[in-house]
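Next comes final-v8.txt, with compact mmCIF, C-alpha atoms.
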```
# COMPACT_ATOMS: atom_id res chain seq x y z
CA MET A 1 -159.38 31.46 36.78
CA THR A 2 -162.30 29.48 38.16
CA ARG A 3 -161.40 26.53 40.35
CA GLN A 4 -162.58 23.23 38.89
CA LEU A 5 -163.17 19.82 40.42
CA TYR A 6 -163.59 16.80 38.16
CA ASP A 7 -166.20 14.79 40.00
CA LEU A 8 -167.36 11.22 39.33
CA CYS A 9 -171.03 10.91 38.32
CA GLY A 10 -173.31 7.96 37.74
CA ILE A 11 -176.50 7.19 35.82
CA ASP A 12 -177.46 10.85 36.14
CA ASP A 13 -175.03 13.78 36.11
CA ARG A 14 -176.49 14.88 39.44
CA LEU A 15 -175.53 11.60 41.14
CA ARG A 16 -172.04 12.14 42.56
CA PHE A 17 -170.82 9.21 44.62
CA SER A 18 -167.03 9.09 44.80
CA PRO A 19 -165.92 9.08 48.47
CA TYR A 20 -162.69 10.79 47.45
CA CYS A 21 -164.48 13.58 45.60
CA TRP A 22 -166.79 14.04 48.58
CA ARG A 23 -163.76 14.49 50.80
CA VAL A 24 -162.60 17.34 48.58
CA LYS A 25 -166.02 18.99 48.36
CA PHE A 26 -166.22 19.14 52.14
CA ALA A 27 -162.65 20.44 52.30
CA LEU A 28 -163.44 23.23 49.83
CA ALA A 29 -166.56 24.15 51.79
CA HIS A 30 -164.48 24.19 54.98
CA LYS A 31 -162.12 26.66 53.32
CA GLY A 32 -165.00 28.74 51.96
CA LEU A 33 -163.74 28.39 48.39
CA ASP A 34 -165.95 28.62 45.31
CA TYR A 35 -165.43 26.13 42.49
CA GLU A 36 -167.15 24.47 39.55
CA THR A 37 -167.63 20.73 39.22
CA ARG A 38 -167.03 18.91 35.98
CA PRO A 39 -169.06 15.69 35.81
CA TRP A 40 -166.85 12.76 34.82
CA HIS A 41 -167.35 9.06 34.08
CA PHE A 42 -164.95 6.18 34.63
CA THR A 43 -164.40 5.79 30.90
CA ASP A 44 -163.82 9.50 30.23
CA LYS A 45 -160.05 9.10 30.57
CA ASP A 46 -159.26 11.64 27.86
CA ALA A 47 -161.08 14.40 29.74
CA ILE A 48 -158.49 14.26 32.54
CA GLY A 49 -155.53 13.30 30.38
CA PHE A 50 -153.88 16.61 31.29
CA SER A 51 -153.53 15.31 34.87
CA GLU A 52 -151.30 12.47 33.62
CA GLN A 53 -153.32 9.80 35.41
CA GLY A 54 -156.82 8.33 35.15
CA LYS A 55 -158.73 8.91 38.37
CA VAL A 56 -160.72 11.62 40.10
CA PRO A 57 -160.70 13.82 42.03
CA VAL A 58 -158.72 16.17 39.84
CA PHE A 59 -158.60 19.70 41.20
CA VAL A 60 -157.56 22.61 38.98
CA ASP A 61 -156.70 25.94 40.60
CA GLY A 62 -155.30 28.34 38.05
CA GLU A 63 -152.02 26.87 36.87
CA HIS A 64 -152.08 24.16 39.53
CA THR A 65 -153.48 20.68 38.92
CA VAL A 66 -153.66 18.41 41.95
CA VAL A 67 -154.76 14.77 42.11
CA ASP A 68 -155.50 12.43 45.05
CA SER A 69 -157.88 13.63 47.75
CA TYR A 70 -155.27 13.76 50.51
CA GLU A 71 -152.81 15.68 48.32
CA ILE A 72 -155.60 18.14 47.52
CA PHE A 73 -156.09 18.65 51.27
CA ARG A 74 -152.39 19.38 51.62
CA TYR A 75 -152.45 21.76 48.67
CA LEU A 76 -155.44 23.65 50.06
CA ASP A 77 -153.69 24.11 53.41
CA ARG A 78 -150.60 25.49 51.66
CA ALA A 79 -152.44 27.74 49.22
CA TYR A 80 -155.23 28.83 51.58
CA PRO A 81 -153.85 28.57 55.14
CA ASP A 82 -156.95 29.96 56.90
CA ASN A 83 -159.16 27.28 58.47
CA PRO A 84 -156.57 24.48 58.27
CA LEU A 85 -157.70 20.98 57.41
CA LEU A 86 -154.76 18.83 58.48
CA GLY A 87 -152.51 20.84 60.71
CA GLU A 88 -148.78 20.17 60.82
CA GLY A 89 -146.42 17.62 62.31
CA GLU A 90 -148.19 15.21 64.66
CA ALA A 91 -151.58 16.68 63.73
CA GLU A 92 -151.09 15.82 60.08
CA SER A 93 -149.85 12.34 60.99
CA ARG A 94 -153.09 11.79 62.90
CA ALA A 95 -155.14 12.93 59.90
CA ARG A 96 -153.21 10.57 57.66
CA PHE A 97 -154.14 7.71 59.99
CA PHE A 98 -157.83 8.54 59.42
CA LYS A 99 -157.28 8.43 55.65
CA PHE A 100 -155.95 4.88 55.84
CA TYR A 101 -158.53 3.85 58.43
CA ALA A 102 -161.35 4.91 56.11
CA GLU A 103 -159.88 3.18 53.08
CA ARG A 104 -158.69 -0.05 54.71
CA SER A 105 -161.06 -0.62 57.65
CA LEU A 106 -164.37 1.04 56.77
CA ALA A 107 -164.47 0.62 52.99
CA PRO A 108 -164.33 -3.21 52.90
CA GLY A 109 -167.44 -3.65 55.03
CA MET A 110 -169.27 -0.96 53.08
CA MET A 111 -168.28 -2.54 49.75
CA ARG A 112 -169.58 -5.96 50.78
CA THR A 113 -172.84 -4.35 51.87
CA LEU A 114 -173.61 -2.14 48.88
CA VAL A 115 -171.54 -3.26 45.90
CA MET A 116 -174.55 -4.19 43.77
CA ASP A 117 -176.29 -0.91 44.65
CA LEU A 118 -173.08 0.78 43.55
CA PHE A 119 -173.03 -1.17 40.29
CA ASN A 120 -176.61 -0.07 39.57
CA ALA A 121 -175.63 3.55 40.26
CA VAL A 122 -172.78 3.49 37.75
CA HIS A 123 -173.57 4.89 34.30
CA PRO A 124 -174.37 2.06 31.83
CA LYS A 125 -171.41 2.99 29.62
CA ASP A 126 -169.12 2.50 32.61
CA ARG A 127 -170.46 -0.80 33.92
CA ASP A 128 -168.21 -3.13 31.93
CA TYR A 129 -165.19 -1.11 33.04
CA PHE A 130 -166.38 -1.03 36.64
CA ARG A 131 -167.02 -4.76 36.75
CA GLU A 132 -163.72 -5.69 35.09
CA THR A 133 -161.53 -3.46 37.24
CA ARG A 134 -163.25 -4.18 40.56
CA GLU A 135 -163.43 -7.92 40.01
CA LYS A 136 -159.75 -7.98 39.09
CA ALA A 137 -158.87 -6.01 42.23
CA MET A 138 -161.04 -8.11 44.55
CA GLY A 139 -160.35 -11.48 42.96
CA ARG A 140 -164.02 -12.45 42.73
CA THR A 141 -167.23 -11.43 40.98
CA LEU A 142 -169.31 -8.53 42.23
CA GLU A 143 -172.07 -11.00 43.06
CA GLU A 144 -169.65 -13.02 45.20
CA VAL A 145 -168.46 -9.87 46.99
CA HIS A 146 -172.04 -8.80 47.73
CA ALA A 147 -172.82 -10.14 51.22
CA PRO A 148 -174.71 -7.48 53.22
CA SER A 149 -174.89 -9.46 56.47
CA THR A 150 -171.14 -10.07 56.43
CA GLY A 151 -170.46 -6.50 55.37
CA LEU A 152 -172.50 -4.98 58.17
CA THR A 153 -170.75 -7.18 60.71
CA LEU A 154 -167.34 -6.10 59.40
CA LEU A 155 -168.40 -2.46 59.43
CA ASP A 156 -169.82 -2.66 62.94
CA LYS A 157 -166.48 -3.91 64.26
CA ALA A 158 -164.53 -1.33 62.28
CA LEU A 159 -166.61 1.50 63.75
CA GLU A 160 -165.51 0.84 67.33
CA PRO A 161 -162.65 3.41 67.26
CA LEU A 162 -165.06 6.05 65.97
CA ARG A 163 -167.51 5.27 68.76
CA GLY A 164 -164.77 5.72 71.31
CA ARG A 165 -163.71 9.07 69.92
CA LEU A 166 -167.26 10.34 69.44
CA SER A 167 -168.15 9.49 73.03
CA GLU A 168 -165.80 12.28 74.11
CA ALA A 169 -166.12 14.88 71.31
CA GLU A 170 -168.71 16.17 68.85
CA PHE A 171 -166.34 15.64 65.92
CA LEU A 172 -163.29 13.50 65.25
CA ASP A 173 -161.21 16.68 65.18
CA GLY A 174 -162.69 17.95 68.45
CA ASP A 175 -165.27 20.68 68.98
CA ALA A 176 -165.40 21.53 65.26
CA PRO A 177 -164.95 19.43 62.12
CA ALA A 178 -161.78 19.41 60.05
CA GLY A 179 -159.71 17.05 57.93
CA ALA A 180 -160.18 13.84 59.92
CA ASP A 181 -163.97 14.21 59.79
CA TYR A 182 -164.00 14.83 56.05
CA LEU A 183 -161.58 11.98 55.31
CA ILE A 184 -163.94 9.57 57.06
CA PHE A 185 -167.27 11.07 56.06
CA GLY A 186 -166.53 10.84 52.34
CA HIS A 187 -167.13 7.11 52.62
CA PHE A 188 -170.45 7.60 54.36
CA MET A 189 -171.49 9.96 51.56
CA TRP A 190 -170.51 7.23 49.10
CA ALA A 191 -172.90 4.84 50.82
CA ARG A 192 -175.64 7.44 51.28
CA THR A 193 -175.76 8.46 47.62
CA VAL A 194 -175.89 4.99 46.06
CA SER A 195 -177.81 2.90 48.60
CA THR A 196 -180.71 2.89 51.03
CA ALA A 197 -178.95 0.43 53.36
CA ASP A 198 -178.97 1.42 57.03
CA LEU A 199 -175.32 1.11 57.96
CA VAL A 200 -175.59 2.42 61.52
CA SER A 201 -178.31 2.27 64.17
CA ASN A 202 -179.85 5.62 65.07
CA ALA A 203 -178.83 4.94 68.69
CA ASP A 204 -175.17 4.76 67.70
CA PRO A 205 -172.94 7.80 68.45
CA VAL A 206 -171.64 7.45 64.90
CA TYR A 207 -175.18 8.10 63.64
CA ALA A 208 -175.39 11.36 65.62
CA TRP A 209 -172.04 12.41 64.16
CA MET A 210 -173.28 11.58 60.66
CA GLU A 211 -176.31 13.80 61.22
CA ARG A 212 -174.06 16.64 62.34
CA MET A 213 -171.87 16.15 59.28
CA LEU A 214 -174.88 16.16 56.93
CA GLY A 215 -175.89 19.55 58.29
CA LEU A 216 -172.51 21.22 57.80
CA HIS A 217 -171.81 23.93 55.24
CA GLY A 218 -175.41 24.71 54.47
CA GLY A 219 -176.45 21.06 54.34
CA LEU A 220 -173.92 20.13 51.65
CA GLY A 221 -174.25 16.42 52.34
CA ARG A 222 -177.94 16.32 53.12
CA SER A 223 -178.87 18.08 49.87
CA ALA A 224 -176.84 15.73 47.67
CA THR A 225 -178.77 13.81 45.04
CA ARG A 226 -179.27 10.16 45.99
CA ILE A 227 -180.10 7.13 43.88
CA VAL A 228 -183.61 7.14 45.35
CA ASP A 229 -184.14 10.67 44.01
CA ILE A 230 -183.70 9.54 40.41
CA GLU A 231 -186.86 8.07 38.96
CA GLY A 232 -186.40 4.64 37.44
CA ALA A 233 -182.77 4.33 38.58
CA TYR A 234 -182.98 0.81 39.93
CA GLY A 235 -182.64 -1.86 37.33
CA SER A 236 -181.69 0.58 34.59
```

Turn the structure described in the file into structure tokens.
Amino acid sequence: MTRQLYDLCGIDDRLRFSPYCWRVKFALAHKGLDYETRPWHFTDKDAIGFSEQGKVPVFVDGEHTVVDSYEIFRYLDRAYPDNPLLGEGEAESRARFFKFYAERSLAPGMMRTLVMDLFNAVHPKDRDYFRETREKAMGRTLEEVHAPSTGLTLLDKALEPLRGRLSEAEFLDGDAPAGADYLIFGHFMWARTVSTADLVSNADPVYAWMERMLGLHGGLGRSATRIVDIEGAYGS
């Protein structure tokens, strides 16, 4: 049976911006596994009802349905042990740290920088849902959250651990990329697809790492459709 990944899309089916789905797409490329994507919108809850929850990524591999990007990484390492993503024991604990670092340290600064770009990238039928759920979670309106100067300052501080690591290695996982790199880079793909904001100076070691990541797996990240590629996207 063909592997399937339910993948969040925006105003155009080609615009795929979920950081968690991007994690999984890089993980599948790392494993050399073929799959089909199923474009999904925030309000298409029925389409993934079989997963018994309401978020993507949802990965279907034969009789197996796996949700949550990190759990999909773990599943892929069990089912397809070649080219491990996470490792075991202390190695997996380190990868799990990067998961939380991305979600709790990097994401807030990015959200404050690009939240209105993100809102514009969301499909019109999803915008009421997006606004309601995000404003409830953040305790303020999207317009109040949107503060690019503050966001970039927060992000710059949060990037310091990455700068330290990337001053001694080409990738977060060492000489070659693996789970830690993909767990982090999913958030940079999120920003890249929905916004033109320059998050990192081109003199920053993080920028050089981003360029290396964009070139991986046949240019998977670099070839992704961006909001600027879709005519008339802004203000739609």

- Message: Which residue is closest to Trp22 (chain A)? Choose from A:Thr37, A:Asn83, A:Thr43, A:Ser105 and count all atoms listed in the file.
- Response: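 Looking only at the distances to Trp22 (chain A), the closest residue turns out to be A:Thr37.
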
- So which residues touch Arg104 (chain A) within 12 Å, counting all atoms listed in the file, skipping near sequence neighbours fewer than 5 positions away, as a PyMOL selection string? chain A and resi 97-99+109-111+154-155+158+184+187

Find the nearest atom pair between each residue of region 153-189 of chain A and region 86-91 of chain A for residues within 12 Å, count all atoms listed in the file, give distances in Å to one decimal, sort rows by chain and ascending number, and present the table as CSV.
```
residue,atom,partner,partner_atom,distance
A:Asp173,CA,A:Leu86,CA,9.5
A:Pro177,CA,A:Leu86,CA,10.8
A:Ala178,CA,A:Leu86,CA,7.2
A:Gly179,CA,A:Leu86,CA,5.3
A:Ala180,CA,A:Leu86,CA,7.5
A:Asp181,CA,A:Leu86,CA,10.4
A:Tyr182,CA,A:Leu86,CA,10.4
A:Leu183,CA,A:Leu86,CA,10.2
```

- Query: Pick from A:Arg226, A:His217, A:Arg192, A:Arg14: nearest to Ala27 (chain A), with only C-alpha atoms counted?
  - Reply: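 Selected residue with least distance to Ala27 (chain A): A:His217.
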
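Put simply, CA of Ala169 (chain A) is 12.1 Å away from CA of Arg212 (chain A).
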
- Task: To one decimal in Å, tell me the separation between CA of Pro57 (chain A) and CA of Asp12 (chain A).
- Result: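 Between CA of Pro57 (chain A) and CA of Asp12 (chain A) the gap works out to 18.0 Å.
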
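Note that the spacing between CA of Leu106 (chain A) and CA of Asp13 (chain A) amounts to 26.5 Å.
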
- Using only C-alpha atoms, give me every residue within 8 Å of (-157.9, 14.6, 46.6) in file coordinates, as an NGL selection string. :A and (20-21 or 23-24 or 56-59 or 66-73)

- Residue list as a PyMOL selection string for point (-166.0, -1.9, 65.4), cut-off 12 Å, all atoms listed in the file: chain A and resi 101+105-106+109+151-164+200+204+206

- Message: With distances taken over all atoms listed in the file, which residue among A:Arg74, A:Asp128, A:Asp175, A:Asp46 lies nearest Arg96 (chain A)?
- Response: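 That would be A:Arg74, the residue with the smallest distance to Arg96 (chain A).
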
- Item | Proximity to Glu143 (chain A) - best of A:Val115, A:Leu33, A:Ala121, A:Leu85, only C-alpha atoms |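 Among the listed residues, the smallest separation from Glu143 (chain A) belongs to A:Val115.
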
Please complete region 80-105 of chain A with N, CA, C and O atoms and give it back as a short mmCIF file (atom, residue, chain, number, x, y, z; two decimals), in the frame of the given file.
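Result file is selection-v3.cif:
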```cif
data_model
loop_
_atom_site.label_atom_id
_atom_site.label_comp_id
_atom_site.auth_asym_id
_atom_site.auth_seq_id
_atom_site.Cartn_x
_atom_site.Cartn_y
_atom_site.Cartn_z
N TYR A 80 -154.19 28.08 50.86
CA TYR A 80 -155.23 28.83 51.58
C TYR A 80 -155.12 28.46 53.07
O TYR A 80 -155.89 27.63 53.57
N PRO A 81 -154.16 29.03 53.78
CA PRO A 81 -153.85 28.57 55.14
C PRO A 81 -154.93 28.84 56.19
O PRO A 81 -154.91 28.20 57.26
N ASP A 82 -155.87 29.74 55.93
CA ASP A 82 -156.95 29.96 56.90
C ASP A 82 -157.79 28.68 57.02
O ASP A 82 -157.97 27.94 56.06
N ASN A 83 -158.32 28.45 58.21
CA ASN A 83 -159.16 27.28 58.47
C ASN A 83 -158.45 25.98 58.05
O ASN A 83 -158.91 25.26 57.16
N PRO A 84 -157.34 25.66 58.69
CA PRO A 84 -156.57 24.48 58.27
C PRO A 84 -157.38 23.19 58.36
O PRO A 84 -158.24 23.03 59.22
N LEU A 85 -157.05 22.29 57.46
CA LEU A 85 -157.70 20.98 57.41
C LEU A 85 -156.91 19.94 58.18
O LEU A 85 -157.48 19.14 58.93
N LEU A 86 -155.59 19.91 57.98
CA LEU A 86 -154.76 18.83 58.48
C LEU A 86 -153.87 19.21 59.64
O LEU A 86 -153.50 18.35 60.43
N GLY A 87 -153.49 20.46 59.73
CA GLY A 87 -152.51 20.84 60.71
C GLY A 87 -151.11 20.44 60.25
O GLY A 87 -150.90 20.05 59.10
N GLU A 88 -150.16 20.49 61.16
CA GLU A 88 -148.78 20.17 60.82
C GLU A 88 -148.21 19.17 61.81
O GLU A 88 -148.75 18.97 62.90
N GLY A 89 -147.11 18.53 61.42
CA GLY A 89 -146.42 17.62 62.31
C GLY A 89 -147.29 16.47 62.78
O GLY A 89 -147.87 15.73 61.97
N GLU A 90 -147.40 16.31 64.10
CA GLU A 90 -148.19 15.21 64.66
C GLU A 90 -149.66 15.30 64.26
O GLU A 90 -150.32 14.28 64.07
N ALA A 91 -150.18 16.52 64.12
CA ALA A 91 -151.58 16.68 63.73
C ALA A 91 -151.82 16.10 62.34
O ALA A 91 -152.82 15.40 62.11
N GLU A 92 -150.90 16.37 61.42
CA GLU A 92 -151.09 15.82 60.08
C GLU A 92 -150.93 14.30 60.09
O GLU A 92 -151.64 13.59 59.38
N SER A 93 -150.02 13.79 60.88
CA SER A 93 -149.85 12.34 60.99
C SER A 93 -151.13 11.68 61.47
O SER A 93 -151.51 10.60 61.00
N ARG A 94 -151.81 12.33 62.41
CA ARG A 94 -153.09 11.79 62.90
C ARG A 94 -154.13 11.79 61.78
O ARG A 94 -154.87 10.81 61.61
N ALA A 95 -154.19 12.87 61.01
CA ALA A 95 -155.14 12.93 59.90
C ALA A 95 -154.84 11.85 58.88
O ALA A 95 -155.76 11.23 58.32
N ARG A 96 -153.56 11.60 58.64
CA ARG A 96 -153.21 10.57 57.66
C ARG A 96 -153.66 9.18 58.14
O ARG A 96 -154.05 8.33 57.33
N PHE A 97 -153.61 8.96 59.45
CA PHE A 97 -154.14 7.71 59.99
C PHE A 97 -155.61 7.56 59.61
O PHE A 97 -156.05 6.48 59.20
N PHE A 98 -156.41 8.63 59.74
CA PHE A 98 -157.83 8.54 59.42
C PHE A 98 -158.05 8.24 57.95
O PHE A 98 -159.01 7.55 57.58
N LYS A 99 -157.20 8.75 57.08
CA LYS A 99 -157.28 8.43 55.65
C LYS A 99 -157.18 6.93 55.44
O LYS A 99 -158.03 6.31 54.77
N PHE A 100 -156.15 6.31 56.03
CA PHE A 100 -155.95 4.88 55.84
C PHE A 100 -157.02 4.07 56.57
O PHE A 100 -157.46 3.01 56.07
N TYR A 101 -157.47 4.54 57.70
CA TYR A 101 -158.53 3.85 58.43
C TYR A 101 -159.80 3.79 57.59
O TYR A 101 -160.46 2.73 57.50
N ALA A 102 -160.15 4.89 56.96
CA ALA A 102 -161.35 4.91 56.11
C ALA A 102 -161.21 3.94 54.95
O ALA A 102 -162.14 3.17 54.64
N GLU A 103 -160.07 3.95 54.31
CA GLU A 103 -159.88 3.18 53.08
C GLU A 103 -159.68 1.70 53.33
O GLU A 103 -160.08 0.86 52.51
N ARG A 104 -159.07 1.35 54.48
CA ARG A 104 -158.69 -0.05 54.71
C ARG A 104 -159.54 -0.76 55.76
O ARG A 104 -159.55 -1.99 55.80
N SER A 105 -160.23 0.01 56.61
CA SER A 105 -161.06 -0.62 57.65
C SER A 105 -162.55 -0.43 57.40
O SER A 105 -163.33 -1.37 57.56
#
```
